[in-house]
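> Attaching a single structure in structure tokens format; questions to follow.
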Amino acid sequence: MTGAPVNTGPGRLLVAVYGVFALAAGARAGVQIATRFHEAPLAYLLSAFAAAVYVALARGARRTALAACAIELAGVLIVGALSVMDAAAFPRATVWSGFGSGYGFVPLVLPLIGLYWIFHTRKSE
């Protein structure tokens with residue numbers, strides 16, 4: 001894949017938003033893992049994983065961003081659906097629970113915007 005860098009133009013705002021989400025999700029997961037890991041290890045590890053995906057997206061490399069957006073979208077859809085269908089499986093919320101409802105559904109919308117931007121900035125072949 002070639003083309004304009006994904007972190008130019010409006011992509012800078014997208015990268016900045018992912019940076020903020022990386023910080024927010026990472027800090028929240030860090031505190032939860034350090035203080036209450038025994039309560040909901042899966043939920044807290046998923047939040048830490050989401051933070052790692054956000055870090056990858058904030059870096060702005062095209063292939064990494066494409067993979068991270070796909071992983072994030074899959075995570076939001078899978079964890080979102082499971083958390084709605086079986087709330088007992090997620091005794092504590094993750095970043096992706098309820099399709100990102102705890103974060104104003106931004107985790108659901110961001111990968112769609114990210115994927116659009118990645119393909120929009122791709123050089124025509």
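Ligands are numbered from 1 in the order shown, chains are lettered A, B, ... in the order of the structure tokens, and residues start at 1 in each chain.
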List as a VMD selection string the protein and nucleic acid residues near Ser47 in chain A, meaning an atom at most 8 Å away when only C-alpha atoms are counted, but skip any in the same chain fewer than 3 places from it.

chain A and resid 25 to 26 28 to 29 43 to 44 50 to 51 94 to 96

> Please provide the set of residues having any atom within 10 Å of Ala93 in chain A, restricted to only C-alpha atoms, with same-chain residues fewer than 2 positions apart removed, written as a list in words.

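In the requested format, the answer is Ala40, Leu42, Ala43, Tyr44, Leu46, Ser47, Ser83, Ala87, Phe90, Pro91, Val95, Trp96, Ser97, Gly98, Gly100, Ser101 and Gly102 of chain A.
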
> Rounded to one decimal place, report the CA of Ala58 in chain A-CA of Val17 in chain A distance in Å.

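The value is 8.0 Å.
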
> Need the shell around Leu14 in chain A: protein/DNA/RNA residues with any atom at most 12 Å away, counting only C-alpha atoms. Skip same-chain ones fewer than 4 positions apart. Format as a CSV table (one decimal) with N, CA and C atoms, in the first residue's frame?


```csv
chain,number,residue,atom,x,y,z
A,6,VAL,N,-1.1,8.6,6.5
A,6,VAL,CA,-2.4,8.7,7.1
A,6,VAL,C,-2.5,9.7,8.2
A,7,ASN,N,-1.3,10.2,8.6
A,7,ASN,CA,-1.3,11.3,9.7
A,7,ASN,C,-1.1,12.7,9.1
A,8,THR,N,-1.5,12.9,7.9
A,8,THR,CA,-1.4,14.3,7.3
A,8,THR,C,-2.8,14.8,7.1
A,9,GLY,N,-3.0,16.1,7.0
A,9,GLY,CA,-4.3,16.8,6.9
A,9,GLY,C,-5.2,16.4,8.0
A,10,PRO,N,-6.5,16.1,7.6
A,10,PRO,CA,-7.4,15.7,8.7
A,10,PRO,C,-7.1,14.5,9.4
A,18,TYR,N,-6.9,9.2,18.6
A,18,TYR,CA,-6.5,7.9,19.0
A,18,TYR,C,-5.4,8.0,20.1
A,19,GLY,N,-4.6,9.1,20.1
A,19,GLY,CA,-3.6,9.3,21.2
A,19,GLY,C,-4.3,9.5,22.5
A,20,VAL,N,-5.4,10.3,22.5
A,20,VAL,CA,-6.1,10.6,23.7
A,20,VAL,C,-6.8,9.3,24.2
A,21,PHE,N,-7.3,8.5,23.3
A,21,PHE,CA,-8.0,7.3,23.7
A,21,PHE,C,-6.9,6.3,24.2
A,54,TYR,N,-5.0,1.4,20.3
A,54,TYR,CA,-5.0,2.8,20.1
A,54,TYR,C,-3.6,3.4,19.9
A,57,LEU,N,-2.5,2.8,16.4
A,57,LEU,CA,-3.2,3.7,15.5
A,57,LEU,C,-2.6,5.1,15.6
A,58,ALA,N,-2.3,5.6,16.8
A,58,ALA,CA,-1.8,6.9,16.9
A,58,ALA,C,-0.4,7.1,16.3
A,59,ARG,N,0.3,6.0,16.1
A,59,ARG,CA,1.6,6.0,15.4
A,59,ARG,C,1.5,6.4,13.9
A,60,GLY,N,0.4,6.0,13.3
A,60,GLY,CA,0.1,6.5,12.0
A,60,GLY,C,0.6,5.8,10.8
A,65,ALA,N,-1.8,0.9,10.9
A,65,ALA,CA,-3.1,1.5,11.2
A,65,ALA,C,-4.2,0.7,10.6
A,69,CYS,N,-7.1,-0.8,13.0
A,69,CYS,CA,-8.5,-0.4,12.7
A,69,CYS,C,-9.3,-1.7,12.6
A,106,VAL,N,-17.7,6.3,20.7
A,106,VAL,CA,-16.5,6.7,19.9
A,106,VAL,C,-15.7,5.4,19.5
A,109,VAL,N,-17.2,4.2,16.3
A,109,VAL,CA,-17.2,5.1,15.1
A,109,VAL,C,-15.7,5.3,14.6
A,110,LEU,N,-14.8,5.4,15.5
A,110,LEU,CA,-13.4,5.7,15.1
A,110,LEU,C,-12.8,4.7,14.1
A,111,PRO,N,-12.9,3.4,14.3
A,111,PRO,CA,-12.3,2.5,13.3
A,111,PRO,C,-12.9,2.7,11.9
A,112,LEU,N,-14.2,3.0,11.9
A,112,LEU,CA,-14.9,3.2,10.6
A,112,LEU,C,-14.3,4.5,9.9
A,113,ILE,N,-14.1,5.5,10.7
A,113,ILE,CA,-13.5,6.8,10.2
A,113,ILE,C,-12.0,6.5,9.8
A,114,GLY,N,-11.3,5.7,10.6
A,114,GLY,CA,-9.9,5.4,10.3
A,114,GLY,C,-9.8,4.6,9.1
A,115,LEU,N,-10.6,3.6,8.9
A,115,LEU,CA,-10.6,2.8,7.7
A,115,LEU,C,-10.9,3.6,6.4
A,116,TYR,N,-11.9,4.5,6.6
A,116,TYR,CA,-12.2,5.4,5.4
A,116,TYR,C,-11.0,6.3,5.1
A,117,TRP,N,-10.3,6.8,6.1
A,117,TRP,CA,-9.2,7.7,5.9
A,117,TRP,C,-8.0,7.0,5.3
A,118,ILE,N,-7.8,5.8,5.8
A,118,ILE,CA,-6.7,5.0,5.2
A,118,ILE,C,-6.9,4.7,3.7
```
